[in-house]
Amino acid sequence: MYYVVGSGPAAISCVQGLVAAGKKVTIIDSGISLEETRQNELLSLKETPYSEWSRDSTSFLRQGMSSGTSGIPLKLAYGSDYPYRYATGAIDIDCRQVETKPSYARGGLSTVWGSATMPYRQEDIEDWPLRIGDLEAGYRAVLGWMPLSACTDDLAKFFPLYTDKSIPLPRSRQASGLLADLKRNQKTLSAAGIHFGGSRIAVRANNTSTGPGCVTCGLCMYGCPYSLIYSSDQTLATLIKSGMVDYIPGVTVQSFEEKDNEVIVHAVSSDGGKKELRAERLFLAAGILNTTTILLRSLEMYDTDVTIQDSQYFLMPLLRLKGTAGVIHERLHTLSQLFLEVFDNDISPYSIHLQTYTYNDLFLDPILAILGPLKRFFPLEAFLGRLLLFQGYLHSKHSASISTSLERTKDGDRLILQVKPNSDTSRMVKKLSMKFAKLVPKTGLIPLIPMIQMGMPGRGFHSGGSFPMRLDPIHGQSDLHGRPQGLKLVHAVDSTILPSIPATTITYTVMANAYRIGASISSVV
Ligand SMILES: Cc1cc2nc3c(=O)[nH]c(=O)nc-3n(C[C@H](O)[C@H](O)[C@H](O)COP(=O)(O)OP(=O)(O)OC[C@H]3O[C@@H](n4cnc5c(N)ncnc54)[C@H](O)[C@@H]3O)c2cc1C
Ligand code: SF4
């Protein structure tokens, strides 16, 4: 039996590849799900026509998510923190100036992600032992089961769409206005290395036989009531229903031992009992922190420093010269609306990825908190009609990384994550903001430079590379099938094996690569 650990995007893509290769698969997963009370509240909301939804009937979705002056809070799903809740047998993680979390949820972090979906570019992965062409089949296959809201525009020249079935969501008026401004100056912006277009997000926009499409209710940040934002637990449900895979939730893998022709998997059940499974092959897709832990423990690499690479995340608020009236009452989606990609060797030889967010109700609290008693005199609506947010990412080469080690303590193992700063990071974000400051007449956007916020390493959740793929792997590196050096039957298939982390979104490439490994398994010796 082939066992896959996890049910996040990497696991499900690997399973799809294995199934395409004709293999029978069992998924083992910590598999924590949304609480039943919230599932019932969600069901009842879905059964109510959208025209009858009120602030009260949707208030459970907003629970636990308020934004202060320190920025956008950690995203929850349907008012629940279940995507981040610890499972029995989970590793103790000590974050030191690092801000990240593992997931033990059915669907992993895709239950809560922003669904931004952009492939990598050859120029950004020159240090990889793969070419972008090696990922193409995976990029296409993924869009066979994951919806994409996107359109063909200037960005497709650099980042192919890999599907002709994408349907765009309606754009907000602020985003449409900005896009029109940018298009008017496309030639100049292009010469300055700024390319832009509609966002690409894994959202089903249209009505289907299974349910309505997007009703522009603006609740995306809290969890889509109609589950239109893709989560890999949706594909898991389809796979289970089709009888193509077996699924065993409530099992948290601790370690494995590779014998001559089998792998013995050691795990803990949700009741605390020990479990042992025997696998023909084992595929680890437990997310960067857990796959790294399982490998360090199984390979007896205690107290060994391994580096997790991270793509630096930052927030840059901007004011648009032209305002848009009535954004507070506008029907819109609140995921990323536009993507801007910056190619400028004076800043970085790699792409810089900027996701543009227009009004959503989480913008309100930080502004009101800053204004305090002055809020009565402040033209809040006019201000919000001009306010936009870039959520930006840098290539890992220019980002802080995370020094990681597994320690044995008297209370059990502990994973220690410590920051390794990179002096390039703030210099590059500063140069980028100055670039936008100079281009105000062409973009109509004023960057609010003093309000830029740099995320702590790990905060963008675009991290990986602790056992990077290499053509000739040495200790602590993996081959092109994700097998850490010395192993024949155990494959890491998530971001653990990425050689570096470009700025454009990580998950789509993790999925394409996991599919590649699964689908090519018959050729592995
Ligand atoms: C708020 C937020 C927004 C994000 N937005 C985006 C975005 O817009 N675009 C993007 O590309 N990425 C985004 N990401 C990152 C994205 O969610 C992750 O890259 C992606 O989910 C990683 O997939 P994965 O399958 O490798 O791991 P995960 O999604 O973490 O899944 C791990 C799986 O393994 C299981 N598991 C874990 N440990 C064990 C164990 N020991 N034994 C058994 N099972 C185990 C879990 O139950 C889970 O099913 C975002 C993340 C967050 C938190
Ligand atoms: S606006 Fe967001 S939450 Fe509302 S239906 Fe559309 S995708 Fe779902």
# chains A, B, ... in the order shown; residues from 1 in each chain; ligands from 1
>>> residues_near_ligand(ligand="ligand 1", cutoff="6 Å", atoms="only C-alpha atoms and all ligand atoms", output="number ranges by chain")
A: 5-11, 28-31, 75, 102-110, 112-117, 251-254, 285-287, 290, 461-462, 494-495, 505-508
>>> select_by_dssp(residues="region 69-274 of chain A", states="strand (DSSP E or B)", output="MDAnalysis selection string")
chainID A and resid 71 77 80 92:96 105 116 149 194:198 201 203 208 211 217 229 245:248 251:258 263:269 274
>>> residues_near_ligand(ligand="ligand 2", cutoff="9 Å", atoms="only C-alpha atoms and all ligand atoms", output="list of chain:residue names")
A:Leu169, A:Val203, A:Arg204, A:Ala205, A:Pro212, A:Gly213, A:Cys214, A:Val215, A:Thr216, A:Cys217, A:Gly218, A:Leu219, A:Cys220, A:Met221, A:Tyr222, A:Gly223, A:Cys224, A:Pro225, A:Tyr226, A:Ser227, A:Leu228, A:Ile229, A:Arg331, A:Leu332, A:His333, A:Thr334, A:Leu335
>>> residues_around(residues="Leu471 (chain A)", least_positions_apart="2", cutoff="10 Å", atoms="only C-alpha atoms", output="count of residues only")
10
>>> closest_residue(among="A:Ser242, A:Asn40, A:Thr409, A:Thr291", to="Val19 (chain A)", atoms="only C-alpha atoms")
A:Ser242
>>> select_by_dssp(residues="region 324-404 of chain A", states="alpha helix (DSSP H)", output="list in words")
Leu364, Asp365, Pro366, Ile367, Leu368, Ala369, Ile370, Leu371, Leu380, Glu381, Ala382, Phe383 and Leu384 of chain A
>>> write_last_selection(atoms="all heavy atoms", output="compact mmCIF listing (two decimals), in the first residue's frame")
# COMPACT_ATOMS: atom_id res chain seq x y z
N LEU A 364 -11.30 48.78 8.57
CA LEU A 364 -11.89 49.80 9.44
C LEU A 364 -11.23 49.91 10.81
O LEU A 364 -10.84 51.00 11.24
CB LEU A 364 -13.38 49.48 9.66
CG LEU A 364 -14.35 50.06 8.66
CD1 LEU A 364 -15.75 49.52 8.91
CD2 LEU A 364 -14.37 51.59 8.79
N ASP A 365 -11.08 48.75 11.50
CA ASP A 365 -10.62 48.78 12.90
C ASP A 365 -9.27 49.47 13.08
O ASP A 365 -9.13 50.33 13.97
CB ASP A 365 -10.57 47.36 13.49
CG ASP A 365 -11.97 46.83 13.75
OD1 ASP A 365 -12.90 47.64 13.70
OD2 ASP A 365 -12.11 45.63 13.98
N PRO A 366 -8.25 49.13 12.26
CA PRO A 366 -6.95 49.80 12.48
C PRO A 366 -7.05 51.31 12.29
O PRO A 366 -6.42 52.08 13.03
CB PRO A 366 -6.03 49.19 11.42
CG PRO A 366 -6.77 48.13 10.73
CD PRO A 366 -8.18 48.14 11.20
N ILE A 367 -7.86 51.76 11.34
CA ILE A 367 -7.96 53.20 11.10
C ILE A 367 -8.65 53.88 12.29
O ILE A 367 -8.18 54.90 12.80
CB ILE A 367 -8.73 53.49 9.78
CG1 ILE A 367 -7.94 52.89 8.62
CG2 ILE A 367 -8.95 54.98 9.57
CD1 ILE A 367 -8.72 52.84 7.33
N LEU A 368 -9.73 53.26 12.75
CA LEU A 368 -10.44 53.84 13.90
C LEU A 368 -9.55 53.85 15.13
O LEU A 368 -9.54 54.80 15.91
CB LEU A 368 -11.73 53.05 14.18
CG LEU A 368 -12.79 53.17 13.07
CD1 LEU A 368 -13.99 52.29 13.36
CD2 LEU A 368 -13.26 54.63 12.89
N ALA A 369 -8.72 52.79 15.28
CA ALA A 369 -7.82 52.72 16.44
C ALA A 369 -6.79 53.85 16.38
O ALA A 369 -6.47 54.47 17.39
CB ALA A 369 -7.14 51.36 16.50
N ILE A 370 -6.27 54.13 15.18
CA ILE A 370 -5.26 55.20 15.04
C ILE A 370 -5.91 56.56 15.30
O ILE A 370 -5.34 57.42 15.97
CB ILE A 370 -4.61 55.17 13.63
CG1 ILE A 370 -3.74 53.92 13.48
CG2 ILE A 370 -3.78 56.43 13.36
CD1 ILE A 370 -3.29 53.64 12.06
N LEU A 371 -7.14 56.74 14.80
CA LEU A 371 -7.78 58.05 14.92
C LEU A 371 -8.23 58.37 16.35
O LEU A 371 -8.20 59.53 16.78
CB LEU A 371 -9.01 58.10 14.01
CG LEU A 371 -8.72 58.17 12.50
CD1 LEU A 371 -10.02 58.01 11.73
CD2 LEU A 371 -8.06 59.51 12.15
N LEU A 380 -13.98 59.56 7.00
CA LEU A 380 -13.62 58.14 6.93
C LEU A 380 -13.98 57.50 5.59
O LEU A 380 -13.17 56.81 4.96
CB LEU A 380 -14.31 57.40 8.08
CG LEU A 380 -13.92 55.93 8.23
CD1 LEU A 380 -12.45 55.79 8.57
CD2 LEU A 380 -14.76 55.26 9.31
N GLU A 381 -15.21 57.74 5.13
CA GLU A 381 -15.67 57.08 3.90
C GLU A 381 -14.83 57.51 2.70
O GLU A 381 -14.47 56.69 1.86
CB GLU A 381 -17.15 57.38 3.65
CG GLU A 381 -18.02 56.63 4.63
CD GLU A 381 -19.30 56.09 3.96
OE1 GLU A 381 -19.31 55.83 2.75
OE2 GLU A 381 -20.26 55.95 4.70
N ALA A 382 -14.51 58.81 2.66
CA ALA A 382 -13.71 59.32 1.53
C ALA A 382 -12.32 58.69 1.57
O ALA A 382 -11.74 58.32 0.54
CB ALA A 382 -13.61 60.84 1.61
N PHE A 383 -11.78 58.55 2.78
CA PHE A 383 -10.45 57.97 2.94
C PHE A 383 -10.46 56.50 2.49
O PHE A 383 -9.59 56.06 1.74
CB PHE A 383 -10.04 58.08 4.41
CG PHE A 383 -8.67 57.53 4.72
CD1 PHE A 383 -7.52 58.21 4.34
CD2 PHE A 383 -8.53 56.31 5.39
CE1 PHE A 383 -6.25 57.69 4.62
CE2 PHE A 383 -7.28 55.80 5.67
CZ PHE A 383 -6.14 56.49 5.29
N LEU A 384 -11.48 55.77 2.93
CA LEU A 384 -11.56 54.34 2.57
C LEU A 384 -11.73 54.16 1.05
O LEU A 384 -11.27 53.17 0.48
CB LEU A 384 -12.72 53.67 3.31
CG LEU A 384 -12.49 53.48 4.80
CD1 LEU A 384 -13.78 53.04 5.49
CD2 LEU A 384 -11.39 52.44 5.06
>>> closest_atom_pairs(of="region 16-55 of chain A", to="region 133-152 of chain A", cutoff="12 Å", atoms="only C-alpha atoms", output="tab-separated table")
residue	atom	partner	partner_atom	distance
A:Gln16	CA	A:Val142	CA	8.8
A:Gly17	CA	A:Gly138	CA	8.6
A:Ala20	CA	A:Ala141	CA	10.2
>>> write_last_selection(atoms="N, CA and C atoms", output="compact mmCIF listing (two decimals), in the first residue's frame")
# COMPACT_ATOMS: atom_id res chain seq x y z
N GLN A 16 -3.42 12.60 -6.44
CA GLN A 16 -3.96 12.66 -7.81
C GLN A 16 -2.94 12.08 -8.80
N GLY A 17 -1.66 12.42 -8.60
CA GLY A 17 -0.61 11.90 -9.48
C GLY A 17 -0.49 10.39 -9.35
N ALA A 20 -3.39 8.73 -10.99
CA ALA A 20 -3.21 8.77 -12.44
C ALA A 20 -2.20 7.71 -12.89
>>> closest_residue(among="A:Ser176, A:Gln39, A:Ser66, A:Thr304", to="Arg408 (chain A)", atoms="only C-alpha atoms")
A:Thr304
>>> closest_residue(among="A:Asp424, A:Asp361, A:Asp310, A:Glu126", to="Ser466 (chain A)", atoms="only C-alpha atoms")
A:Asp310
>>> residues_around(residues="Arg38 (chain A)", least_positions_apart="2", cutoff="10 Å", atoms="only C-alpha atoms", output="JSON list (two decimals) with all heavy atoms, in the first residue's frame")
[["chain", "number", "residue", "atom", "x", "y", "z"],
["A", 34, "LEU", "N", -13.79, 21.27, 11.18],
["A", 34, "LEU", "CA", -14.59, 22.37, 11.75],
["A", 34, "LEU", "C", -15.59, 21.80, 12.77],
["A", 34, "LEU", "O", -16.22, 20.76, 12.52],
["A", 34, "LEU", "CB", -15.34, 23.08, 10.62],
["A", 34, "LEU", "CG", -16.22, 24.27, 10.99],
["A", 34, "LEU", "CD1", -15.36, 25.44, 11.48],
["A", 34, "LEU", "CD2", -17.06, 24.73, 9.79],
["A", 35, "GLU", "N", -15.75, 22.48, 13.91],
["A", 35, "GLU", "CA", -16.68, 22.02, 14.95],
["A", 35, "GLU", "C", -18.10, 21.87, 14.38],
["A", 35, "GLU", "O", -18.51, 22.67, 13.53],
["A", 35, "GLU", "CB", -16.78, 23.04, 16.10],
["A", 35, "GLU", "CG", -15.50, 23.47, 16.75],
["A", 35, "GLU", "CD", -14.81, 24.60, 16.02],
["A", 35, "GLU", "OE1", -14.41, 24.40, 14.86],
["A", 35, "GLU", "OE2", -14.65, 25.68, 16.60],
["A", 36, "GLU", "N", -18.81, 20.89, 14.92],
["A", 36, "GLU", "CA", -20.15, 20.58, 14.41],
["A", 36, "GLU", "C", -21.10, 21.77, 14.55],
["A", 36, "GLU", "O", -21.90, 22.04, 13.65],
["A", 36, "GLU", "CB", -20.69, 19.37, 15.17],
["A", 36, "GLU", "CG", -21.53, 18.48, 14.26],
["A", 36, "GLU", "CD", -21.99, 17.25, 15.01],
["A", 36, "GLU", "OE1", -21.11, 16.53, 15.52],
["A", 36, "GLU", "OE2", -23.22, 17.06, 15.11],
["A", 40, "ASN", "N", -23.15, 23.42, 11.48],
["A", 40, "ASN", "CA", -24.61, 23.57, 11.44],
["A", 40, "ASN", "C", -25.01, 25.02, 11.15],
["A", 40, "ASN", "O", -25.92, 25.29, 10.37],
["A", 40, "ASN", "CB", -25.25, 23.10, 12.75],
["A", 40, "ASN", "CG", -25.11, 21.60, 12.89],
["A", 40, "ASN", "OD1", -24.94, 20.89, 11.89],
["A", 40, "ASN", "ND2", -25.13, 21.10, 14.12],
["A", 41, "GLU", "N", -24.28, 25.96, 11.79],
["A", 41, "GLU", "CA", -24.58, 27.39, 11.54],
["A", 41, "GLU", "C", -24.36, 27.72, 10.06],
["A", 41, "GLU", "O", -25.14, 28.45, 9.44],
["A", 41, "GLU", "CB", -23.66, 28.26, 12.39],
["A", 41, "GLU", "CG", -24.10, 28.39, 13.85],
["A", 41, "GLU", "CD", -23.12, 29.20, 14.68],
["A", 41, "GLU", "OE1", -21.94, 28.79, 14.80],
["A", 41, "GLU", "OE2", -23.53, 30.23, 15.22],
["A", 42, "LEU", "N", -23.28, 27.13, 9.51],
["A", 42, "LEU", "CA", -22.94, 27.38, 8.10],
["A", 42, "LEU", "C", -24.02, 26.82, 7.18],
["A", 42, "LEU", "O", -24.44, 27.48, 6.22],
["A", 42, "LEU", "CB", -21.59, 26.70, 7.84],
["A", 42, "LEU", "CG", -20.77, 27.17, 6.67],
["A", 42, "LEU", "CD1", -20.52, 28.66, 6.73],
["A", 42, "LEU", "CD2", -19.41, 26.43, 6.67],
["A", 43, "LEU", "N", -24.45, 25.61, 7.51],
["A", 43, "LEU", "CA", -25.48, 24.97, 6.70],
["A", 43, "LEU", "C", -26.75, 25.81, 6.70],
["A", 43, "LEU", "O", -27.36, 26.05, 5.65],
["A", 43, "LEU", "CB", -25.76, 23.57, 7.29],
["A", 43, "LEU", "CG", -26.47, 22.61, 6.36],
["A", 43, "LEU", "CD1", -25.57, 22.31, 5.17],
["A", 43, "LEU", "CD2", -26.78, 21.31, 7.12],
["A", 44, "SER", "N", -27.10, 26.29, 7.88],
["A", 44, "SER", "CA", -28.34, 27.06, 7.96],
["A", 44, "SER", "C", -28.19, 28.39, 7.18],
["A", 44, "SER", "O", -29.14, 28.83, 6.52],
["A", 44, "SER", "CB", -28.70, 27.22, 9.43],
["A", 44, "SER", "OG", -28.95, 28.51, 9.78],
["A", 60, "PHE", "N", -21.35, 34.98, 13.27],
["A", 60, "PHE", "CA", -20.50, 33.88, 13.75],
["A", 60, "PHE", "C", -19.24, 33.74, 12.88],
["A", 60, "PHE", "O", -18.20, 33.29, 13.35],
["A", 60, "PHE", "CB", -21.28, 32.55, 13.79],
["A", 60, "PHE", "CG", -21.59, 31.95, 12.44],
["A", 60, "PHE", "CD1", -20.78, 30.96, 11.91],
["A", 60, "PHE", "CD2", -22.69, 32.35, 11.71],
["A", 60, "PHE", "CE1", -21.05, 30.38, 10.68],
["A", 60, "PHE", "CE2", -22.98, 31.79, 10.47],
["A", 60, "PHE", "CZ", -22.16, 30.81, 9.95],
["A", 61, "LEU", "N", -19.33, 34.14, 11.62],
["A", 61, "LEU", "CA", -18.17, 34.03, 10.72],
["A", 61, "LEU", "C", -17.05, 34.98, 11.13],
["A", 61, "LEU", "O", -15.87, 34.69, 10.93],
["A", 61, "LEU", "CB", -18.57, 34.37, 9.27],
["A", 61, "LEU", "CG", -19.62, 33.47, 8.62],
["A", 61, "LEU", "CD1", -20.06, 34.07, 7.30],
["A", 61, "LEU", "CD2", -19.04, 32.08, 8.39],
["A", 78, "TYR", "N", -14.37, 30.43, 9.23],
["A", 78, "TYR", "CA", -15.73, 30.40, 9.76],
["A", 78, "TYR", "C", -15.75, 30.68, 11.27],
["A", 78, "TYR", "O", -16.46, 30.02, 12.04],
["A", 78, "TYR", "CB", -16.39, 29.05, 9.44],
["A", 78, "TYR", "CG", -16.36, 28.71, 7.97],
["A", 78, "TYR", "CD1", -15.69, 27.58, 7.49],
["A", 78, "TYR", "CD2", -16.98, 29.54, 7.04],
["A", 78, "TYR", "CE1", -15.65, 27.29, 6.14],
["A", 78, "TYR", "CE2", -16.95, 29.26, 5.68],
["A", 78, "TYR", "CZ", -16.27, 28.12, 5.24],
["A", 78, "TYR", "OH", -16.22, 27.84, 3.90],
["A", 79, "GLY", "N", -14.87, 31.61, 11.69],
["A", 79, "GLY", "CA", -14.83, 31.98, 13.11],
["A", 79, "GLY", "C", -14.11, 30.95, 13.98],
["A", 79, "GLY", "O", -14.10, 31.08, 15.20],
["A", 80, "SER", "N", -13.49, 29.96, 13.36],
["A", 80, "SER", "CA", -12.85, 28.89, 14.14],
["A", 80, "SER", "C", -11.35, 28.87, 13.88],
["A", 80, "SER", "O", -10.90, 29.12, 12.76],
["A", 80, "SER", "CB", -13.45, 27.54, 13.72],
["A", 80, "SER", "OG", -12.65, 26.48, 14.20]]
